[in-house]
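Text of my_file.cif, listed as mmCIF, C-alpha atoms and all ligand atoms:
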```
data_coords
loop_
_atom_site.label_atom_id
_atom_site.label_comp_id
_atom_site.auth_asym_id
_atom_site.auth_seq_id
_atom_site.Cartn_x
_atom_site.Cartn_y
_atom_site.Cartn_z
CA MET A 19 -12.09 -19.64 -25.15
CA THR A 20 -15.86 -19.41 -24.63
CA ALA A 21 -17.47 -17.13 -22.05
CA ASN A 22 -18.09 -19.91 -19.55
CA SER A 23 -15.13 -22.22 -20.06
CA ASP A 24 -12.69 -23.10 -17.25
CA ILE A 25 -9.82 -20.77 -16.41
CA ARG A 26 -6.64 -22.54 -15.40
CA ILE A 27 -4.42 -20.71 -12.94
CA GLU A 28 -0.86 -21.87 -12.34
CA VAL A 29 1.76 -20.40 -10.04
CA PHE A 30 5.55 -20.65 -10.15
CA PHE A 31 7.16 -19.66 -6.85
CA THR A 32 10.42 -18.80 -8.64
CA PRO A 33 11.29 -18.29 -12.32
CA LYS A 34 13.92 -21.04 -12.04
CA HIS A 35 11.87 -23.84 -13.58
CA VAL A 36 10.17 -21.73 -16.22
CA GLU A 37 11.65 -21.76 -19.70
CA GLU A 38 11.14 -18.76 -22.00
CA MET A 39 9.47 -20.84 -24.68
CA GLN A 40 7.16 -22.47 -22.12
CA LEU A 41 5.61 -19.01 -21.64
CA LYS A 42 5.03 -18.44 -25.33
CA ASP A 43 1.36 -17.62 -25.93
CA LYS A 44 0.52 -17.61 -22.20
CA ASN A 45 -0.99 -14.82 -20.17
CA VAL A 46 1.62 -14.06 -17.54
CA ILE A 47 1.66 -12.04 -14.33
CA VAL A 48 5.12 -11.25 -12.90
CA ILE A 49 5.21 -10.40 -9.19
CA ASP A 50 8.14 -8.82 -7.33
CA VAL A 51 6.59 -7.00 -4.38
CA LEU A 52 10.00 -5.96 -2.90
CA ARG A 53 10.54 -4.01 -4.99
CA ALA A 54 10.75 -4.17 -8.76
CA SER A 55 7.03 -4.57 -9.53
CA THR A 56 6.07 -1.85 -7.08
CA THR A 57 8.70 0.48 -8.55
CA ILE A 58 7.53 -0.14 -12.12
CA ALA A 59 3.93 0.59 -11.10
CA VAL A 60 4.83 3.88 -9.43
CA ALA A 61 7.16 4.99 -12.25
CA LEU A 62 4.41 4.51 -14.83
CA TYR A 63 1.80 6.10 -12.59
CA ASN A 64 4.05 9.15 -12.27
CA GLY A 65 4.32 9.54 -16.02
CA ALA A 66 7.37 7.54 -17.13
CA LYS A 67 7.00 6.81 -20.83
CA GLU A 68 8.22 3.23 -20.57
CA ILE A 69 10.31 0.81 -18.58
CA ILE A 70 12.87 -1.21 -20.52
CA PRO A 71 13.66 -4.27 -18.41
CA VAL A 72 17.06 -5.82 -18.99
CA GLY A 73 18.72 -8.93 -17.62
CA SER A 74 22.33 -7.73 -17.30
CA ILE A 75 24.31 -4.56 -16.62
CA GLU A 76 26.13 -5.03 -19.94
CA ASN A 77 22.80 -4.96 -21.79
CA ALA A 78 21.75 -1.86 -19.86
CA ALA A 79 24.93 -0.12 -21.05
CA LYS A 80 24.42 -1.28 -24.65
CA ILE A 81 20.79 -0.14 -24.79
CA SER A 82 21.44 3.22 -23.17
CA GLY A 83 24.23 3.86 -25.70
CA ASN A 84 21.58 3.91 -28.44
CA LEU A 85 19.13 6.19 -26.64
CA LEU A 86 19.18 9.92 -26.06
CA GLY A 87 20.66 10.85 -22.68
CA ASP A 88 18.12 13.55 -21.73
CA VAL A 89 15.08 11.29 -22.12
CA THR A 90 16.63 8.13 -20.75
CA LEU A 91 17.36 7.11 -17.18
CA ARG A 92 19.38 4.09 -16.10
CA ALA A 93 17.86 2.56 -13.00
CA GLY A 94 18.13 -0.48 -10.83
CA GLU A 95 20.04 -2.20 -8.09
CA ARG A 96 22.58 -4.72 -7.02
CA ASN A 97 22.16 -5.97 -3.44
CA ALA A 98 19.23 -3.51 -3.31
CA LYS A 99 21.62 -0.53 -3.70
CA MET A 100 21.90 1.84 -6.66
CA ILE A 101 24.40 0.76 -9.33
CA GLU A 102 27.38 3.09 -9.72
CA GLY A 103 26.89 5.57 -12.56
CA PHE A 104 23.11 4.98 -12.72
CA ASN A 105 20.49 7.72 -12.26
CA LEU A 106 18.13 5.85 -9.94
CA GLY A 107 18.11 2.88 -7.60
CA ASN A 108 15.12 0.62 -7.02
CA SER A 109 13.31 2.48 -4.25
CA PRO A 110 9.74 3.26 -5.38
CA LEU A 111 9.99 6.52 -3.43
CA GLU A 112 12.68 7.82 -5.79
CA TYR A 113 10.41 7.62 -8.84
CA ARG A 114 8.68 10.95 -8.29
CA GLU A 115 6.80 12.67 -11.09
CA GLU A 116 9.40 15.43 -11.55
CA VAL A 117 12.10 12.77 -11.94
CA VAL A 118 10.42 10.28 -14.28
CA ARG A 119 7.77 12.10 -16.34
CA GLY A 120 8.29 11.45 -20.05
CA LYS A 121 11.39 9.30 -19.49
CA SER A 122 12.37 5.91 -20.85
CA ILE A 123 13.81 3.97 -17.94
CA ILE A 124 16.31 1.20 -18.54
CA PHE A 125 15.70 -1.05 -15.57
CA ILE A 126 17.86 -3.79 -14.15
CA THR A 127 17.23 -5.52 -10.84
CA THR A 128 18.46 -8.75 -9.30
CA ASN A 129 15.27 -10.74 -9.80
CA GLY A 130 12.34 -8.71 -11.11
CA SER A 131 13.68 -7.39 -14.43
CA GLY A 132 15.06 -10.83 -15.35
CA ALA A 133 11.68 -12.47 -14.66
CA ILE A 134 10.02 -9.98 -17.04
CA VAL A 135 12.64 -10.56 -19.73
CA ARG A 136 12.04 -14.30 -19.40
CA GLY A 137 8.38 -13.71 -20.21
CA ARG A 138 9.02 -11.68 -23.37
CA TYR A 139 7.34 -14.23 -25.66
CA ALA A 140 4.19 -14.38 -23.55
CA LYS A 141 0.88 -13.55 -25.21
CA LYS A 142 0.33 -10.93 -22.53
CA LEU A 143 2.60 -10.04 -19.63
CA VAL A 144 1.46 -7.84 -16.77
CA VAL A 145 3.52 -6.61 -13.82
CA ALA A 146 1.80 -6.88 -10.43
CA ALA A 147 2.36 -5.98 -6.78
CA PHE A 148 0.04 -5.15 -3.90
CA VAL A 149 -0.06 -1.49 -4.97
CA ASN A 150 -1.86 -2.29 -8.25
CA LEU A 151 -3.42 -5.66 -7.43
CA SER A 152 -7.05 -4.88 -8.25
CA SER A 153 -6.20 -3.33 -11.63
CA VAL A 154 -4.41 -6.56 -12.57
CA VAL A 155 -7.19 -8.79 -11.25
CA ASP A 156 -9.89 -6.79 -13.06
CA TYR A 157 -7.94 -7.02 -16.30
CA PHE A 158 -7.74 -10.80 -16.06
CA VAL A 159 -11.41 -11.04 -15.11
CA ARG A 160 -12.20 -9.20 -18.34
CA LEU A 161 -9.75 -11.31 -20.32
CA SER A 162 -11.20 -14.53 -18.89
CA GLU A 163 -8.32 -16.73 -20.10
CA ASN A 164 -5.79 -19.04 -18.45
CA VAL A 165 -3.21 -17.31 -16.24
CA THR A 166 0.38 -18.13 -15.32
CA ILE A 167 1.70 -16.28 -12.26
CA ILE A 168 5.47 -16.05 -11.84
CA CYS A 169 6.95 -14.92 -8.53
CA ALA A 170 10.34 -13.27 -9.04
CA GLY A 171 11.56 -14.74 -5.73
CA ASN A 172 15.02 -14.03 -4.44
CA ALA A 173 18.06 -15.44 -6.25
CA ASN A 174 15.91 -18.29 -7.53
CA ASN A 175 14.63 -19.01 -4.03
CA PHE A 176 11.13 -18.72 -2.63
CA SER A 177 9.98 -15.27 -1.37
CA LEU A 178 7.08 -15.21 1.02
CA GLU A 179 5.91 -11.72 0.00
CA ASP A 180 5.62 -12.69 -3.69
CA ALA A 181 3.86 -15.96 -2.83
CA VAL A 182 1.32 -14.16 -0.62
CA CYS A 183 0.67 -11.59 -3.35
CA ALA A 184 0.22 -14.40 -5.89
CA GLY A 185 -2.22 -16.07 -3.48
CA ARG A 186 -4.18 -12.85 -3.17
CA VAL A 187 -4.46 -12.57 -6.96
CA VAL A 188 -5.73 -16.16 -7.11
CA ASN A 189 -8.19 -15.59 -4.25
CA GLU A 190 -9.55 -12.46 -5.94
CA LEU A 191 -9.83 -14.13 -9.35
CA LYS A 192 -11.75 -17.02 -7.78
CA LYS A 193 -14.06 -14.58 -6.02
CA LYS A 194 -14.74 -12.60 -9.19
CA ILE A 195 -15.04 -15.57 -11.55
CA PRO A 196 -16.85 -18.04 -9.29
CA GLY A 197 -16.90 -21.72 -10.19
CA ARG A 198 -14.66 -21.46 -13.26
CA CYS A 199 -11.11 -21.28 -11.92
CA ILE A 200 -9.05 -24.45 -11.82
CA THR A 201 -5.90 -24.07 -9.74
CA ASP A 202 -2.70 -26.10 -9.67
CA ASP A 203 -1.15 -27.19 -6.35
CA ALA A 204 1.14 -24.14 -6.18
CA ALA A 205 -1.85 -21.81 -6.67
CA GLU A 206 -3.68 -23.64 -3.86
CA ALA A 207 -0.64 -23.26 -1.60
CA ALA A 208 -0.34 -19.55 -2.48
CA GLN A 209 -3.98 -19.01 -1.54
CA ALA A 210 -3.39 -20.69 1.82
CA LEU A 211 -0.34 -18.46 2.40
CA ASP A 212 -2.41 -15.35 1.71
CA LYS A 213 -4.99 -16.55 4.22
CA SER A 214 -2.34 -17.22 6.91
CA PHE A 215 0.02 -14.28 6.39
CA GLY A 216 -1.98 -11.70 4.44
CA ARG A 217 -3.86 -10.03 7.31
CA SER A 218 -1.23 -7.28 7.70
CA ILE A 219 0.94 -6.93 4.62
CA LEU A 220 3.31 -4.51 6.36
CA LYS A 221 3.84 -6.96 9.22
CA LEU A 222 4.42 -9.69 6.66
CA LEU A 223 6.96 -7.62 4.69
CA LYS A 224 8.86 -6.75 7.86
CA ALA A 225 9.13 -10.46 8.71
CA THR A 226 10.49 -11.59 5.30
CA GLU A 227 14.19 -12.15 4.59
CA HIS A 228 14.39 -9.44 1.95
CA GLY A 229 12.20 -7.08 3.99
CA LYS A 230 14.54 -7.42 6.98
CA TYR A 231 17.55 -6.77 4.74
CA LEU A 232 15.93 -3.66 3.23
CA CYS A 233 15.21 -2.33 6.74
CA GLU A 234 18.82 -2.99 7.78
CA ILE A 235 20.14 -0.87 4.90
CA GLY A 236 17.70 1.98 5.51
CA PHE A 237 14.72 1.25 3.25
CA GLU A 238 12.04 0.69 5.90
CA ASP A 239 9.84 3.38 4.27
CA ASP A 240 9.83 1.32 1.07
CA LEU A 241 8.19 -1.54 2.94
CA VAL A 242 5.42 0.79 4.10
CA PHE A 243 4.82 1.91 0.50
CA CYS A 244 5.01 -1.62 -0.96
CA SER A 245 2.49 -2.87 1.63
CA LYS A 246 -0.35 -0.57 0.49
CA GLN A 247 -2.90 -2.37 -1.60
CA ASP A 248 -4.52 -0.68 -4.61
CA ILE A 249 -3.04 2.80 -4.23
CA LEU A 250 -1.95 2.82 -7.91
CA PRO A 251 -4.66 2.09 -10.47
CA VAL A 252 -2.23 1.06 -13.20
CA LEU A 253 -1.80 -1.90 -15.50
CA PRO A 254 1.86 -2.22 -16.59
CA LEU A 255 1.84 -4.32 -19.75
CA LEU A 256 4.81 -5.62 -21.72
CA ALA A 257 4.62 -4.48 -25.35
CA GLY A 258 7.59 -5.71 -27.39
CA SER A 259 10.55 -5.12 -25.13
CA THR A 260 9.13 -2.30 -23.01
CA VAL A 261 6.61 -2.10 -20.19
CA ARG A 262 4.03 0.63 -20.64
CA LEU A 263 0.67 1.57 -19.21
CA ALA A 264 -2.18 -0.31 -20.84
CA THR A 265 -4.51 2.59 -20.15
CA GLU A 266 -4.18 5.98 -18.52
CA PRO A 267 -4.71 5.76 -14.73
CA ASP A 268 -7.73 7.43 -13.21
CA ARG A 269 -5.86 9.85 -10.95
CA LYS A 270 -8.93 10.59 -8.85
CA THR A 271 -8.90 7.05 -7.51
CA LEU A 272 -5.42 7.39 -5.97
CA ALA A 273 -5.65 6.63 -2.28
CA GLY A 274 -3.25 6.69 0.72
C1 LIG N 301 14.82 -7.51 -7.29
O1 LIG N 301 14.43 -7.42 -8.48
O2 LIG N 301 15.55 -8.41 -6.90
C2 LIG N 301 14.39 -6.53 -6.23
O3 LIG N 301 13.49 -5.66 -6.66
C3 LIG N 301 15.45 -6.20 -5.24
C4 LIG N 301 15.28 -4.89 -4.51
O4 LIG N 301 14.67 -4.84 -3.45
O5 LIG N 301 15.79 -3.87 -4.95
#
```
Rewrite the structure from the file as structure tokens, please.
Ligand code: MLT
Amino acid sequence: MTANSDIRIEVFFTPKHVEEMQLKDKNVIVIDVLRASTTIAVALYNGAKEIIPVGSIENAAKISGNLLGDVTLRAGERNAKMIEGFNLGNSPLEYREEVVRGKSIIFITTNGSGAIVRGRYAKKLVVAAFVNLSSVVDYFVRLSENVTIICAGNANNFSLEDAVCAGRVVNELKKKIPGRCITDDAAEAAQALDKSFGRSILKLLKATEHGKYLCEIGFEDDLVFCSKQDILPVLPLLAGSTVRLATEPDRKTLAG
């Protein structure tokens, strides 16, 4: 791709209609604001060695059987609650430095981890949420290639928070690469959703189906954390079958 060629941006509001092989050789962004993407960003920021996303509990058990217990954590959720026998749930607030530093984290969630696994043949796959949005946008500005954004959604249904985050990524890319981005209809719709609902992300999260459910079961503080834009300057990148930091975060830039 030459320096001034067009950049095509496409958005999928759920992973349902995306086949693994369709993503081969594409540059992919996976978004699961509540909460898998946010949790991955904070785990890596706090020093986790790697996140190993898996699609099923059986696979999580198989993989952890081959890894050393003291450097491995099993993490994730079912119905947003910690899985029995696991070390961690999916609340970003659990992934404190003293808990995750140096650890390999086997990670299974209802939607987010599966969406990442589906993108395993992508040319590049980056995990995004509001907390690390600018790091992801800046990376794709530098890359200057076509982008496919996949919203993890909820049980193969549309999630407003992921769509708004996708729209914000598209809006920012268009701002930073003026005149070169060509968007599909879903990307246009996502941009419009960001413009209508994106003024207060916390208010938005509290109004979403999954946000309301998380509040009902006691995770209101997670919504506050997930709503903060750009507090984690990290770029979680899939390398083989694990998600790792592309570069070390600049800790001085941590805000809020
Ligand atoms: C998911 O992957 O479905 C979510 O992150 C669910 C959750 O809030 O734990």
Measuring between only C-alpha atoms and all ligand atoms, which one of A:Leu178, A:Met100, A:Ile47, A:Cys183 shows the shortest distance to ligand LIG 301 (chain N)? A:Met100
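Using all atoms listed in the file, the smallest distance between any of A:Ala54, A:Lys192, A:Ser177, A:Phe104 and A:Glu206 comes from A:Lys192.
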Hey, could you make a per-residue contact list for chain A against ligand LIG 301 (chain N) with 9 Å as the cut-off, showing the nearest pair of atoms and its distance in Å to one decimal, counting all atoms listed in the file, sorted by chain and number, as a tab-separated table?
```
residue	atom	partner	partner_atom	distance
A:Asp50	CA	N:LIG301	O3	6.2
A:Val51	CA	N:LIG301	O3	7.4
A:Leu52	CA	N:LIG301	O4	4.8
A:Arg53	CA	N:LIG301	O3	3.8
A:Ala54	CA	N:LIG301	O3	3.8
A:Ser55	CA	N:LIG301	O3	7.2
A:Thr56	CA	N:LIG301	O3	8.4
A:Thr57	CA	N:LIG301	O3	8.0
A:Gly94	CA	N:LIG301	O5	7.2
A:Glu95	CA	N:LIG301	O5	5.5
A:Arg96	CA	N:LIG301	O5	7.1
A:Asn97	CA	N:LIG301	O5	6.9
A:Ala98	CA	N:LIG301	O5	3.8
A:Lys99	CA	N:LIG301	O5	6.8
A:Met100	CA	N:LIG301	O5	8.5
A:Gly107	CA	N:LIG301	O5	7.6
A:Asn108	CA	N:LIG301	O5	5.0
A:Ser109	CA	N:LIG301	O5	6.9
A:Ile126	CA	N:LIG301	O1	7.6
A:Thr127	CA	N:LIG301	O1	4.1
A:Thr128	CA	N:LIG301	O2	3.8
A:Asn129	CA	N:LIG301	O1	3.7
A:Gly130	CA	N:LIG301	O1	3.6
A:Ser131	CA	N:LIG301	O1	6.0
A:Gly132	CA	N:LIG301	O1	7.7
A:Ala133	CA	N:LIG301	O1	8.4
A:Ala170	CA	N:LIG301	O1	7.2
A:Gly171	CA	N:LIG301	O2	7.6
A:Asn172	CA	N:LIG301	O2	6.2
A:Ala173	CA	N:LIG301	O2	7.5
A:His228	CA	N:LIG301	O4	7.1
A:Gly229	CA	N:LIG301	O4	8.2
A:Tyr231	CA	N:LIG301	O4	8.9
A:Leu232	CA	N:LIG301	O4	6.9
```
Within 12 Å of A:His35 using only C-alpha atoms, minus same-chain residues under 5 positions, as a ChimeraX atom specification: /A:29-30,40-41,133,136,168-170,174-175
Next, dump the selected residues to file, keeping only C-alpha atoms, as a CSV table (one decimal), in the coordinates of the input.
```csv
chain,number,residue,atom,x,y,z
A,29,VAL,CA,1.8,-20.4,-10.0
A,30,PHE,CA,5.6,-20.6,-10.2
A,40,GLN,CA,7.2,-22.5,-22.1
A,41,LEU,CA,5.6,-19.0,-21.6
A,133,ALA,CA,11.7,-12.5,-14.7
A,136,ARG,CA,12.0,-14.3,-19.4
A,168,ILE,CA,5.5,-16.0,-11.8
A,169,CYS,CA,7.0,-14.9,-8.5
A,170,ALA,CA,10.3,-13.3,-9.0
A,174,ASN,CA,15.9,-18.3,-7.5
A,175,ASN,CA,14.6,-19.0,-4.0
```
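Interatomic distance, atom CA of A:Ser214 against atom CA of A:Asn189: 12.7 Å.
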Report as a list in words all protein, DNA and RNA residues lying within 7 Å of A:Asp24, evaluated on all atoms listed in the file, omitting residues in the same chain fewer than 6 positions from it. Arg198, Cys199 and Ile200 of chain A
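Distance check against A:Ala205 using all atoms listed in the file: of A:Ala181, A:Val261, A:Val89, A:Val118, the minimum falls on A:Ala181.
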Rounded to one decimal in Å, what is the spacing between atom CA of A:Val145 and atom CA of A:Val60? 11.4 Å
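Computed from the coordinates, the atom CA of A:Val187 to atom CA of A:Asn164 distance equals 13.3 Å.
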Determine the nearest neighbour of A:Arg119 from the options A:Leu161, A:Ala207, A:Ile235, A:Ile69, counting all atoms listed in the file. A:Ile69
What would the list of residues within 10 Å of (10.9, -20.8, -21.6) (file frame) look like as a list in words, if all atoms listed in the file are what count? Pro33, His35, Val36, Glu37, Glu38, Met39, Gln40, Leu41, Lys42, Arg136, Gly137, Arg138, Tyr139 and Ala140 of chain A
Determine the nearest neighbour of A:Asn150 from the options A:Leu263, A:Ile25, A:Ala59, A:Leu91, counting only C-alpha atoms. A:Ala59
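Among the candidates A:Ala225, A:Glu116, A:Pro196, A:Arg262, the residue lying nearest to A:Ser23 is A:Pro196 (atoms considered: only C-alpha atoms).
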Stretch 162-176 of chain A: axis-aligned bounding box, 3 Å on each side, centre and edge lengths in Å, one decimal, as lines of an AutoDock Vina configuration file:
```
center_x = 3.4
center_y = -16.2
center_z = -11.4
size_x = 35.3
size_y = 11.8
size_z = 23.5
```
Cut-off 9 Å: closest stretch 140-258 of chain A/stretch 62-68 of chain A atom pairs per residue, using all atoms listed in the file, as CSV:
```
residue,atom,partner,partner_atom,distance
A:Leu250,CA,A:Tyr63,CA,6.8
A:Pro251,CA,A:Tyr63,CA,7.9
A:Val252,CA,A:Tyr63,CA,6.5
A:Leu253,CA,A:Leu62,CA,8.9
A:Pro254,CA,A:Leu62,CA,7.4
```
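Near (4.4, -7.6, 2.4), the residues that fall inside 7 Å on the basis of all atoms listed in the file are Glu179, Ile219, Leu220, Lys221, Leu222, Leu223, Cys244 and Ser245 of chain A.
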